[in-house]
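So this block is start24.tsv, TSV, C-alpha atoms and all ligand atoms:
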chain	number	residue	atom	x	y	z
A	9	MET	CA	0.00	0.00	0.00
A	10	MET	CA	1.46	3.34	-1.10
A	11	ASP	CA	1.72	6.13	1.45
A	12	LEU	CA	0.66	9.25	-0.44
A	13	THR	CA	0.35	11.46	2.64
A	14	SER	CA	1.95	14.86	2.72
A	15	ASN	CA	2.10	17.60	5.30
A	16	TYR	CA	1.06	21.02	3.99
A	17	LEU	CA	0.57	24.04	6.32
A	18	GLY	CA	0.75	21.59	9.22
A	19	LEU	CA	-2.31	19.78	7.82
A	20	ASN	CA	-1.98	16.05	7.22
A	21	LEU	CA	-3.17	15.50	3.67
A	22	LYS	CA	-4.07	12.01	2.47
A	23	ASN	CA	-2.25	12.83	-0.78
A	24	PRO	CA	-0.60	15.97	-2.23
A	25	LEU	CA	-3.47	16.96	-4.56
A	26	ILE	CA	-5.49	20.04	-3.59
A	27	ILE	CA	-8.21	21.61	-5.71
A	28	GLY	CA	-7.30	25.29	-6.04
A	29	SER	CA	-9.54	28.27	-5.44
A	30	SER	CA	-12.09	28.58	-8.27
A	31	GLY	CA	-15.74	28.03	-9.12
A	32	LEU	CA	-15.01	24.31	-8.68
A	33	THR	CA	-15.08	24.77	-4.92
A	34	SER	CA	-17.93	27.25	-4.53
A	35	SER	CA	-20.71	24.82	-3.58
A	36	ILE	CA	-21.08	21.98	-1.12
A	37	SER	CA	-22.19	19.51	-3.81
A	38	GLU	CA	-19.02	20.20	-5.85
A	39	ILE	CA	-16.79	19.92	-2.79
A	40	LYS	CA	-18.35	16.54	-1.94
A	41	LYS	CA	-17.73	15.35	-5.49
A	42	LEU	CA	-14.08	16.49	-5.37
A	43	GLU	CA	-13.58	14.60	-2.11
A	44	LYS	CA	-15.23	11.51	-3.57
A	45	PHE	CA	-12.77	11.46	-6.47
A	46	GLY	CA	-9.78	11.74	-4.12
A	47	ALA	CA	-8.94	15.43	-3.57
A	48	ALA	CA	-6.94	15.81	-0.36
A	49	ALA	CA	-8.19	19.35	0.40
A	50	VAL	CA	-9.98	22.22	-1.31
A	51	VAL	CA	-9.31	25.95	-1.38
A	52	LEU	CA	-12.66	27.70	-1.52
A	53	LYS	CA	-13.49	30.27	-4.19
A	54	SER	CA	-12.11	33.61	-2.95
A	55	ILE	CA	-13.98	36.42	-1.35
A	56	PHE	CA	-12.67	39.53	-3.09
A	57	GLU	CA	-11.70	42.56	-1.04
A	58	GLU	CA	-12.55	44.94	-3.93
A	59	GLU	CA	-15.94	43.32	-4.39
A	60	ILE	CA	-16.87	43.97	-0.78
A	61	VAL	CA	-15.51	47.52	-0.81
A	62	ASN	CA	-17.27	48.31	-4.12
A	63	GLU	CA	-20.59	47.10	-2.80
A	64	ILE	CA	-20.24	49.22	0.28
A	65	GLU	CA	-19.36	52.28	-1.82
A	66	HIS	CA	-22.31	51.68	-4.13
A	67	GLN	CA	-24.67	51.57	-1.18
A	68	HIS	CA	-23.14	54.77	0.16
A	69	GLN	CA	-23.86	56.52	-3.13
A	70	GLU	CA	-27.43	55.26	-3.18
A	71	ALA	CA	-27.96	56.44	0.39
A	72	GLU	CA	-26.47	59.85	-0.37
A	73	LYS	CA	-29.07	60.33	-3.12
A	74	ASN	CA	-31.76	59.93	-0.51
A	75	THR	CA	-31.21	63.11	1.47
A	76	PHE	CA	-33.94	62.24	3.94
A	77	ILE	CA	-32.18	59.13	5.09
A	78	TYR	CA	-28.83	60.87	4.91
A	79	ASN	CA	-29.90	63.85	7.02
A	80	GLN	CA	-32.17	62.13	9.45
A	81	TYR	CA	-30.34	58.92	10.01
A	82	SER	CA	-26.66	59.45	9.49
A	83	GLU	CA	-25.97	56.22	11.27
A	84	THR	CA	-27.56	54.54	8.23
A	85	PHE	CA	-24.05	54.32	6.79
A	86	ASP	CA	-22.87	52.22	9.65
A	87	TYR	CA	-25.93	50.04	9.30
A	88	LEU	CA	-25.34	49.56	5.57
A	89	ASP	CA	-21.71	48.62	6.07
A	90	LEU	CA	-22.58	46.09	8.70
A	91	HIS	CA	-25.53	44.69	6.79
A	92	LEU	CA	-23.61	44.21	3.56
A	93	LYS	CA	-20.68	42.58	5.18
A	94	GLU	CA	-23.02	40.27	7.02
A	95	GLU	CA	-24.80	39.23	3.85
A	96	ARG	CA	-21.66	38.44	1.84
A	97	LEU	CA	-19.90	36.80	4.70
A	98	ASN	CA	-22.80	34.73	5.90
A	99	GLU	CA	-22.97	32.86	2.61
A	100	TYR	CA	-19.27	32.09	2.78
A	101	ILE	CA	-19.42	31.17	6.44
A	102	GLN	CA	-22.34	28.85	5.75
A	103	LEU	CA	-20.33	27.14	3.02
A	104	ILE	CA	-17.44	26.56	5.44
A	105	LYS	CA	-19.79	25.25	8.14
A	106	SER	CA	-21.60	22.86	5.78
A	107	ALA	CA	-18.33	21.66	4.28
A	108	LYS	CA	-16.94	20.96	7.75
A	109	LYS	CA	-20.05	18.90	8.51
A	110	GLU	CA	-20.24	17.03	5.23
A	111	VAL	CA	-16.68	16.25	4.18
A	112	LEU	CA	-13.58	15.04	6.02
A	113	ILE	CA	-10.91	16.79	3.94
A	114	PRO	CA	-9.44	20.12	5.11
A	115	ILE	CA	-11.25	23.26	3.96
A	116	ILE	CA	-9.00	26.19	3.16
A	117	ALA	CA	-10.81	29.55	2.99
A	118	SER	CA	-9.54	32.14	0.53
A	119	ILE	CA	-9.49	35.93	0.44
A	120	ASN	CA	-8.30	37.84	-2.59
A	121	CYS	CA	-6.84	41.07	-1.26
A	122	ILE	CA	-4.81	44.10	-2.21
A	123	SER	CA	-4.47	45.97	1.08
A	124	ASN	CA	-4.53	45.50	4.84
A	125	ALA	CA	-7.77	47.50	5.17
A	126	GLU	CA	-10.75	46.61	7.33
A	127	TRP	CA	-11.51	43.31	5.55
A	128	VAL	CA	-8.83	41.75	7.76
A	129	GLY	CA	-11.40	41.57	10.55
A	130	PHE	CA	-13.39	39.11	8.38
A	131	ALA	CA	-10.60	36.57	8.50
A	132	LYS	CA	-11.32	35.77	12.12
A	133	ARG	CA	-14.92	34.94	11.29
A	134	LEU	CA	-13.71	32.40	8.74
A	135	GLN	CA	-11.56	30.77	11.40
A	136	GLU	CA	-14.49	30.67	13.83
A	137	ALA	CA	-16.63	29.04	11.12
A	138	GLY	CA	-14.19	26.13	11.11
A	139	ALA	CA	-11.83	26.83	8.20
A	140	ASP	CA	-8.73	24.68	8.60
A	141	ALA	CA	-6.50	27.33	7.05
A	142	LEU	CA	-6.69	30.61	5.18
A	143	GLU	CA	-5.10	31.29	1.80
A	144	LEU	CA	-4.60	34.93	0.87
A	145	ASN	CA	-4.38	35.61	-2.81
A	146	ILE	CA	-2.46	38.88	-2.68
A	147	SER	CA	-3.00	40.17	-6.20
A	148	LEU	CA	-1.13	43.43	-6.45
A	149	ASN	CA	-1.54	44.81	-9.93
A	150	PRO	CA	1.87	45.00	-11.68
A	151	ILE	CA	0.71	48.06	-13.64
A	152	ASP	CA	-0.25	49.94	-10.45
A	153	LEU	CA	2.15	52.89	-10.28
A	154	LYS	CA	0.82	54.21	-6.97
A	155	THR	CA	1.92	51.43	-4.65
A	156	ILE	CA	5.57	52.15	-4.00
A	157	ASP	CA	6.65	48.90	-2.41
A	158	PHE	CA	4.76	45.68	-3.20
A	159	GLU	CA	6.84	43.52	-0.85
A	160	LEU	CA	6.19	45.88	2.04
A	161	THR	CA	2.44	45.93	1.31
A	162	ILE	CA	2.35	42.12	1.37
A	163	LYS	CA	4.29	41.99	4.64
A	164	GLN	CA	1.89	44.50	6.22
A	165	ILE	CA	-1.09	42.36	5.15
A	166	ILE	CA	0.58	39.24	6.57
A	167	GLN	CA	1.39	40.96	9.86
A	168	LYS	CA	-2.17	42.15	10.34
A	169	VAL	CA	-3.75	38.81	9.44
A	170	LEU	CA	-1.36	36.72	11.56
A	171	ALA	CA	-2.14	38.91	14.55
A	172	GLN	CA	-5.81	37.88	14.26
A	173	LEU	CA	-5.60	34.16	13.48
A	174	THR	CA	-4.41	30.92	15.01
A	175	ILE	CA	-5.11	28.73	11.95
A	176	PRO	CA	-2.34	28.37	9.35
A	177	VAL	CA	-2.11	31.14	6.75
A	178	ALA	CA	-0.80	30.62	3.22
A	179	ILE	CA	0.02	33.34	0.73
A	180	LYS	CA	-0.58	32.92	-2.99
A	181	ILE	CA	1.54	35.26	-5.08
A	182	ASN	CA	2.08	36.17	-8.70
A	183	ASN	CA	5.47	35.58	-10.33
A	184	ASN	CA	6.29	39.18	-11.13
A	185	PHE	CA	8.45	40.54	-8.33
A	186	THR	CA	11.67	42.43	-8.99
A	187	HIS	CA	13.70	39.92	-7.04
A	188	MET	CA	11.64	36.75	-7.05
A	189	ALA	CA	13.89	34.44	-5.01
A	190	LYS	CA	14.59	37.03	-2.30
A	191	THR	CA	10.88	37.88	-2.02
A	192	ILE	CA	9.91	34.20	-1.67
A	193	LEU	CA	12.54	33.59	1.01
A	194	GLU	CA	11.65	36.72	2.97
A	195	LEU	CA	7.92	35.97	2.84
A	196	SER	CA	8.58	32.43	4.08
A	197	GLU	CA	10.18	33.95	7.17
A	198	THR	CA	7.24	36.15	8.15
A	199	GLY	CA	5.45	33.48	10.19
A	200	ILE	CA	3.13	32.27	7.43
A	201	SER	CA	2.66	28.51	7.10
A	202	GLY	CA	2.86	28.25	3.33
A	203	LEU	CA	3.39	29.84	-0.04
A	204	VAL	CA	1.45	29.02	-3.20
A	205	LEU	CA	3.64	29.49	-6.28
A	206	PHE	CA	2.11	30.94	-8.42
A	207	ASN	CA	-1.22	32.52	-9.07
A	208	ARG	CA	-2.13	32.66	-12.77
A	209	ALA	CA	-2.72	36.24	-13.85
A	210	TYR	CA	-5.70	37.21	-15.96
A	211	THR	CA	-4.57	37.23	-19.61
A	212	PRO	CA	-5.89	39.97	-21.91
A	213	ASN	CA	-5.62	39.74	-25.70
A	214	ILE	CA	-6.43	41.65	-28.91
A	215	ASN	CA	-8.78	40.45	-31.64
A	216	ILE	CA	-7.09	41.49	-34.91
A	217	HIS	CA	-10.38	41.19	-36.85
A	218	THR	CA	-12.48	43.47	-34.67
A	219	LEU	CA	-9.51	45.41	-33.19
A	220	GLU	CA	-11.06	44.92	-29.77
A	221	ALA	CA	-9.42	44.08	-26.49
A	222	VAL	CA	-10.67	40.66	-25.43
A	223	GLN	CA	-10.22	38.19	-22.62
A	224	GLY	CA	-7.42	35.70	-23.24
A	225	LYS	CA	-7.45	32.01	-22.36
A	226	THR	CA	-9.26	31.24	-19.13
A	227	PHE	CA	-7.40	27.98	-18.54
A	228	SER	CA	-3.69	27.36	-18.24
A	229	SER	CA	-1.76	25.27	-20.73
A	230	PRO	CA	0.06	22.06	-19.73
A	231	ASP	CA	3.50	23.63	-20.25
A	232	SER	CA	2.91	26.63	-17.96
A	233	TYR	CA	4.10	24.75	-14.85
A	234	VAL	CA	7.79	25.44	-15.47
A	235	GLU	CA	8.17	28.78	-13.67
A	236	SER	CA	6.59	27.37	-10.54
A	237	MET	CA	8.69	24.18	-10.70
A	238	ARG	CA	11.84	26.23	-11.20
A	239	TYR	CA	11.38	28.39	-8.09
A	240	ILE	CA	10.28	25.43	-6.01
A	241	ALA	CA	13.39	23.52	-7.08
A	242	LEU	CA	15.60	26.51	-6.31
A	243	LEU	CA	14.13	27.38	-2.92
A	244	SER	CA	12.42	24.35	-1.37
A	245	ASP	CA	15.56	23.59	0.65
A	246	GLN	CA	15.72	27.13	2.02
A	247	VAL	CA	12.17	28.32	2.71
A	248	LYS	CA	10.77	28.30	6.25
A	249	CYS	CA	7.26	27.21	5.28
A	250	SER	CA	5.36	24.72	3.13
A	251	LEU	CA	5.20	25.14	-0.63
A	252	ALA	CA	2.29	24.39	-2.94
A	253	ALA	CA	2.81	24.37	-6.70
A	254	SER	CA	0.08	26.01	-8.73
A	255	THR	CA	-0.46	26.65	-12.46
A	256	GLY	CA	-0.20	24.24	-15.34
A	257	ILE	CA	-0.54	20.95	-13.48
A	258	HIS	CA	-2.53	18.91	-16.00
A	259	THR	CA	-0.85	15.50	-15.83
A	260	SER	CA	0.55	13.12	-13.23
A	261	GLU	CA	4.01	13.69	-14.75
A	262	THR	CA	3.81	17.38	-13.87
A	263	LEU	CA	2.49	16.61	-10.40
A	264	ILE	CA	5.44	14.26	-9.84
A	265	LYS	CA	7.93	16.87	-11.13
A	266	GLN	CA	6.62	19.45	-8.68
A	267	ILE	CA	7.06	17.06	-5.74
A	268	LEU	CA	10.51	16.08	-6.99
A	269	ALA	CA	11.32	19.80	-7.03
A	270	GLY	CA	10.23	19.99	-3.38
A	271	ALA	CA	6.54	20.96	-3.35
A	272	ASP	CA	4.54	19.69	-0.36
A	273	ALA	CA	1.32	19.86	-2.36
A	274	VAL	CA	0.00	20.82	-5.77
A	275	GLN	CA	-3.08	22.86	-6.55
A	276	VAL	CA	-5.04	21.93	-9.65
A	277	VAL	CA	-7.82	23.91	-11.35
A	278	SER	CA	-7.79	24.15	-15.19
A	279	SER	CA	-7.32	20.45	-15.84
A	280	ILE	CA	-10.26	19.64	-13.56
A	281	TYR	CA	-12.46	22.16	-15.37
A	282	GLU	CA	-11.42	20.60	-18.67
A	283	ASN	CA	-11.60	16.91	-17.72
A	284	GLY	CA	-14.03	16.75	-14.80
A	285	ALA	CA	-13.52	15.63	-11.19
A	286	GLU	CA	-12.67	12.11	-12.47
A	287	HIS	CA	-9.33	13.55	-13.55
A	288	ILE	CA	-8.28	13.63	-9.87
A	289	GLY	CA	-8.30	9.81	-9.96
A	290	THR	CA	-6.26	9.78	-13.18
A	291	LEU	CA	-3.63	12.09	-11.65
A	292	LEU	CA	-3.38	10.03	-8.45
A	293	ASN	CA	-3.29	6.69	-10.29
A	294	GLY	CA	-0.45	8.03	-12.45
A	295	LEU	CA	1.41	9.08	-9.30
A	296	GLU	CA	1.02	5.64	-7.68
A	297	LYS	CA	2.03	3.81	-10.85
A	298	TRP	CA	5.18	5.91	-11.17
A	299	MET	CA	6.03	5.37	-7.49
A	300	GLU	CA	5.66	1.64	-7.98
A	301	GLU	CA	7.90	1.66	-11.05
A	302	LYS	CA	10.54	3.70	-9.22
A	303	GLY	CA	10.31	1.66	-6.01
A	304	PHE	CA	9.06	4.50	-3.79
A	305	SER	CA	6.54	3.53	-1.13
A	306	SER	CA	5.85	7.06	0.17
A	307	VAL	CA	5.70	10.60	-1.19
A	308	GLU	CA	8.19	11.67	1.49
A	309	GLN	CA	10.80	9.35	-0.04
A	310	PHE	CA	11.04	11.38	-3.25
A	311	LYS	CA	9.95	14.86	-2.18
A	312	GLY	CA	12.71	17.31	-3.14
A	313	LYS	CA	14.93	14.66	-4.79
A	314	ALA	CA	15.34	16.94	-7.82
A	315	SER	CA	15.59	20.21	-5.90
A	316	SER	CA	18.42	22.53	-6.81
A	317	LYS	CA	20.48	21.25	-3.86
A	318	ASN	CA	19.98	17.59	-4.73
A	319	VAL	CA	20.48	17.58	-8.49
A	320	GLY	CA	23.99	17.39	-9.86
A	321	ASN	CA	23.60	20.41	-12.15
A	322	PRO	CA	21.65	23.21	-10.39
A	323	ALA	CA	22.66	25.59	-13.19
A	324	VAL	CA	19.71	24.20	-15.17
A	325	PHE	CA	17.37	25.93	-12.71
A	326	GLU	CA	19.53	29.01	-12.21
A	327	ARG	CA	20.33	29.95	-15.80
A	328	ILE	CA	18.12	32.65	-17.27
A	329	GLN	CA	19.61	33.07	-20.71
A	330	PHE	CA	20.23	30.51	-23.44
A	331	MET	CA	23.88	29.86	-24.22
A	332	LYS	CA	25.03	27.94	-27.24
A	333	HIS	CA	26.40	24.93	-25.40
A	334	PHE	CA	23.35	24.76	-23.06
A	335	ALA	CA	20.73	25.03	-25.76
A	336	GLY	CA	22.64	22.51	-27.87
A	337	ILE	CA	21.54	24.26	-31.05
A	338	ASN	CA	23.18	26.80	-33.28
B	401	LIG	C1	-12.40	29.91	-13.53
B	401	LIG	C2	-11.32	30.20	-12.53
B	401	LIG	C3	-11.63	30.85	-11.34
B	401	LIG	C4	-10.63	31.15	-10.43
B	401	LIG	N1	-10.95	31.80	-9.25
B	401	LIG	C5	-9.97	32.04	-8.33
B	401	LIG	C6	-10.26	32.66	-7.10
B	401	LIG	O1	-11.41	33.01	-6.78
B	401	LIG	N2	-9.25	32.87	-6.23
B	401	LIG	C7	-7.95	32.50	-6.49
B	401	LIG	O2	-7.08	32.67	-5.65
B	401	LIG	N3	-7.64	31.90	-7.67
B	401	LIG	C8	-8.61	31.67	-8.59
B	401	LIG	N4	-8.29	31.07	-9.76
B	401	LIG	C9	-6.88	30.71	-10.03
B	401	LIG	C10	-6.64	29.23	-9.67
B	401	LIG	O3	-6.82	28.99	-8.30
B	401	LIG	C11	-5.22	28.79	-10.06
B	401	LIG	O4	-4.27	29.48	-9.28
B	401	LIG	C12	-4.90	29.05	-11.52
B	401	LIG	O5	-5.99	28.71	-12.36
B	401	LIG	C13	-3.68	28.24	-11.97
B	401	LIG	O6	-3.89	26.85	-11.78
B	401	LIG	P1	-4.30	25.90	-13.01
B	401	LIG	O7	-3.22	26.01	-14.02
B	401	LIG	O8	-4.40	24.51	-12.42
B	401	LIG	O9	-5.59	26.38	-13.54
B	401	LIG	C14	-9.29	30.78	-10.71
B	401	LIG	C15	-9.00	30.11	-11.90
B	401	LIG	C16	-9.99	29.81	-12.80
B	401	LIG	C17	-9.63	29.10	-14.08

Please, can you express the file's structure as structure tokens?
Ligand SMILES: Cc1cc2nc3c(=O)[nH]c(=O)nc-3n(C[C@H](O)[C@H](O)[C@H](O)COP(=O)(O)O)c2cc1C
Amino acid sequence: MMDLTSNYLGLNLKNPLIIGSSGLTSSISEIKKLEKFGAAAVVLKSIFEEEIVNEIEHQHQEAEKNTFIYNQYSETFDYLDLHLKEERLNEYIQLIKSAKKEVLIPIIASINCISNAEWVGFAKRLQEAGADALELNISLNPIDLKTIDFELTIKQIIQKVLAQLTIPVAIKINNNFTHMAKTILELSETGISGLVLFNRAYTPNINIHTLEAVQGKTFSSPDSYVESMRYIALLSDQVKCSLAASTGIHTSETLIKQILAGADAVQVVSSIYENGAEHIGTLLNGLEKWMEEKGFSSVEQFKGKASSKNVGNPAVFERIQFMKHFAGIN
């Protein structure tokens, strides 16, 4: 019997396959199905900080139009804030509570945030609802010219959230920092329990027939795992927290590569959208078959075996520019 267990964020997972935050995890029936097909944990669809703030602002504008309410009951604003937050949160909290009742796998709540504003108070409610961990998708916009220091902003968010919570906190980041390796290492030392490398950014495109700006591909392609694998291989021996690989994991081969690089878990989304929850079984069967062929009886036995420290030629992961004798082509 193969031992597929892996520890991620201090959670004992029955295998390393987590379903990442997306519409796949936004209802209890879907979560049950994902568990049935073998998922070890799910990250719930995110609550978006902007969404909450926008709704509050919209209600403020509506209330301002009604001068009677505005003049007579100025505390209406406080009421609206409270009411809206309650409504949005209650749905999410209910989902966590039902999931905790109806499935055995860990439930990781998710907040998509860009600041350390008042939403941070919500995080505690998610913990109280029973979430096993919280994943923060800190999506700072790379074309934002106003935020001076992205790393500092992220650290301030982490500090504020960690001060409120006792459950493990993971941070999901994009791969567009000035000094990627330094940022990953420094974030891993902030007290968080894990890093998710990487979030997949929204991809815009241009239609050359209509000359319009359009949405690009919603789903990742099977070769887009490399950047994540590269940084995991380079840093898994040095980080002070768990690592989850995310983006482009469509096959069991890729899943295996990420664990060989040193990932404690992988998060899968696009390939489940494309192939259905049954694909979880295919990925796990492929993992077991490979382990059998290679003579590994547990995931721990091969985790990190191809990390930068353990491979003979770490330059493969470090090199950023083709050179003639590396590319092998003229
Ligand atoms: C339809 C869809 C919805 C998503 N929603 C969220 C979300 O709410 N929060 C989040 O952190 N990531 C979200 N993601 C990103 C995924 O969690 C994941 O990081 C990304 O798709 C890369 O993994 P993949 O290559 O397996 O798809 C979404 C992705 C898709 C395709």

Selected residue, from A:Ser279, A:Ser236, A:Ser201, A:Ser260, that lies nearest to A:Gly18 when counting only C-alpha atoms: A:Ser201

Of the listed residues A:Ser244, A:Thr255, A:Ser315, A:Asn293, that which approaches A:Leu268 most closely, counting only C-alpha atoms: A:Ser315

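Nearest-residue note for A:Leu291: choosing from A:Tyr233, A:Tyr16, A:Tyr100, A:Phe45, the minimum distance belongs to A:Phe45, counting only C-alpha atoms.
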
Taking only residues of chain A that have an atom at most 10 Å from an atom of ligand LIG 401 (chain B), what is each one's shortest atom pair and its distance in Å to one decimal, using all atoms listed in the file, in chain and number order, as CSV?
residue,atom,partner,partner_atom,distance
A:Ile26,CA,B:LIG401,O8,10.0
A:Ile27,CA,B:LIG401,O3,7.9
A:Gly28,CA,B:LIG401,O3,4.4
A:Ser29,CA,B:LIG401,O3,4.0
A:Ser30,CA,B:LIG401,N1,3.6
A:Gly31,CA,B:LIG401,C3,5.5
A:Leu32,CA,B:LIG401,C3,7.8
A:Thr33,CA,B:LIG401,O1,9.2
A:Ser34,CA,B:LIG401,O1,9.0
A:Val51,CA,B:LIG401,O3,8.0
A:Leu52,CA,B:LIG401,O1,7.6
A:Lys53,CA,B:LIG401,O1,4.3
A:Ser54,CA,B:LIG401,O1,3.9
A:Ile55,CA,B:LIG401,O1,6.9
A:Phe56,CA,B:LIG401,O1,7.6
A:Ala117,CA,B:LIG401,O2,9.9
A:Ser118,CA,B:LIG401,O2,6.7
A:Ile119,CA,B:LIG401,O2,7.3
A:Asn120,CA,B:LIG401,O2,6.1
A:Cys121,CA,B:LIG401,O2,9.5
A:Glu143,CA,B:LIG401,O2,7.8
A:Leu144,CA,B:LIG401,O2,7.3
A:Asn145,CA,B:LIG401,O2,4.9
A:Ile146,CA,B:LIG401,O2,8.3
A:Ser147,CA,B:LIG401,O2,8.6
A:Ile179,CA,B:LIG401,O2,9.6
A:Lys180,CA,B:LIG401,O2,7.0
A:Ile181,CA,B:LIG401,O2,9.0
A:Asn182,CA,B:LIG401,O4,9.2
A:Val204,CA,B:LIG401,O4,8.4
A:Leu205,CA,B:LIG401,O4,8.5
A:Phe206,CA,B:LIG401,O4,6.6
A:Asn207,CA,B:LIG401,O4,4.3
A:Arg208,CA,B:LIG401,C12,4.7
A:Ala209,CA,B:LIG401,C12,7.9
A:Tyr210,CA,B:LIG401,C15,8.8
A:Lys225,CA,B:LIG401,C17,9.0
A:Thr226,CA,B:LIG401,C17,5.5
A:Phe227,CA,B:LIG401,C17,5.1
A:Ser228,CA,B:LIG401,O7,4.5
A:Ser229,CA,B:LIG401,O7,6.9
A:Pro230,CA,B:LIG401,O7,7.7
A:Asp231,CA,B:LIG401,O7,9.5
A:Ser232,CA,B:LIG401,O7,7.3
A:Tyr233,CA,B:LIG401,O7,7.5
A:Ala253,CA,B:LIG401,O6,8.8
A:Ser254,CA,B:LIG401,O6,5.1
A:Thr255,CA,B:LIG401,O7,3.2
A:Gly256,CA,B:LIG401,O7,3.7
A:Ile257,CA,B:LIG401,O8,5.4
A:His258,CA,B:LIG401,O8,6.9
A:Val274,CA,B:LIG401,O8,8.8
A:Gln275,CA,B:LIG401,O8,6.2
A:Val276,CA,B:LIG401,O8,3.8
A:Val277,CA,B:LIG401,O8,3.6
A:Ser278,CA,B:LIG401,O9,3.5
A:Ser279,CA,B:LIG401,O8,6.1
A:Ile280,CA,B:LIG401,O8,7.7
A:Tyr281,CA,B:LIG401,C17,7.6
A:Glu282,CA,B:LIG401,O9,9.7

Point-to-point distance in Å for atom CA of A:Leu25 and atom CA of A:Lys105: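 A separation of 22.3 Å between them.
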
Atomic separation - atom CA of A:Ala269 relative to atom CA of A:Lys313, Å: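 For atom CA of A:Lys313 relative to atom CA of A:Ala269, the distance reads 6.7 Å.
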
Among listed residues A:Val324, A:Ala252, A:Ala271, A:Leu242, nearest A:Val307 (using all atoms listed in the file): A:Ala271

Nearest to A:Asn184, chosen from A:Gln102, A:Ser250, A:Asn149, A:Thr262, with only C-alpha atoms counted in the distances: A:Asn149

Exercise: stretch 185-190 of chain A partners within 9 Å, all atoms listed in the file, chain neighbours under 2 positions left out, as number ranges by chain: A: 150, 158-159, 182-183, 192-195, 239, 242-243

Restricting the output to C-alpha atoms, write the selected residues as a JSON list (two decimals), in the coordinates of the input.
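Below is the file again.json, written as the result:
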[["chain", "number", "residue", "atom", "x", "y", "z"],
["A", 150, "PRO", "CA", 1.87, 45.00, -11.68],
["A", 158, "PHE", "CA", 4.76, 45.68, -3.20],
["A", 159, "GLU", "CA", 6.84, 43.52, -0.85],
["A", 182, "ASN", "CA", 2.08, 36.17, -8.70],
["A", 183, "ASN", "CA", 5.47, 35.58, -10.33],
["A", 192, "ILE", "CA", 9.91, 34.20, -1.67],
["A", 193, "LEU", "CA", 12.54, 33.59, 1.01],
["A", 194, "GLU", "CA", 11.65, 36.72, 2.97],
["A", 195, "LEU", "CA", 7.92, 35.97, 2.84],
["A", 239, "TYR", "CA", 11.38, 28.39, -8.09],
["A", 242, "LEU", "CA", 15.60, 26.51, -6.31],
["A", 243, "LEU", "CA", 14.13, 27.38, -2.92]]

From A:Glu99, A:Glu126, A:Asp152, A:Glu235, residue lying nearest A:Gln266 [only C-alpha atoms]: A:Glu235

Distance in Å - atom CA of A:Phe310 versus atom CA of A:His287: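 Distance between the two atoms: 22.9 Å.
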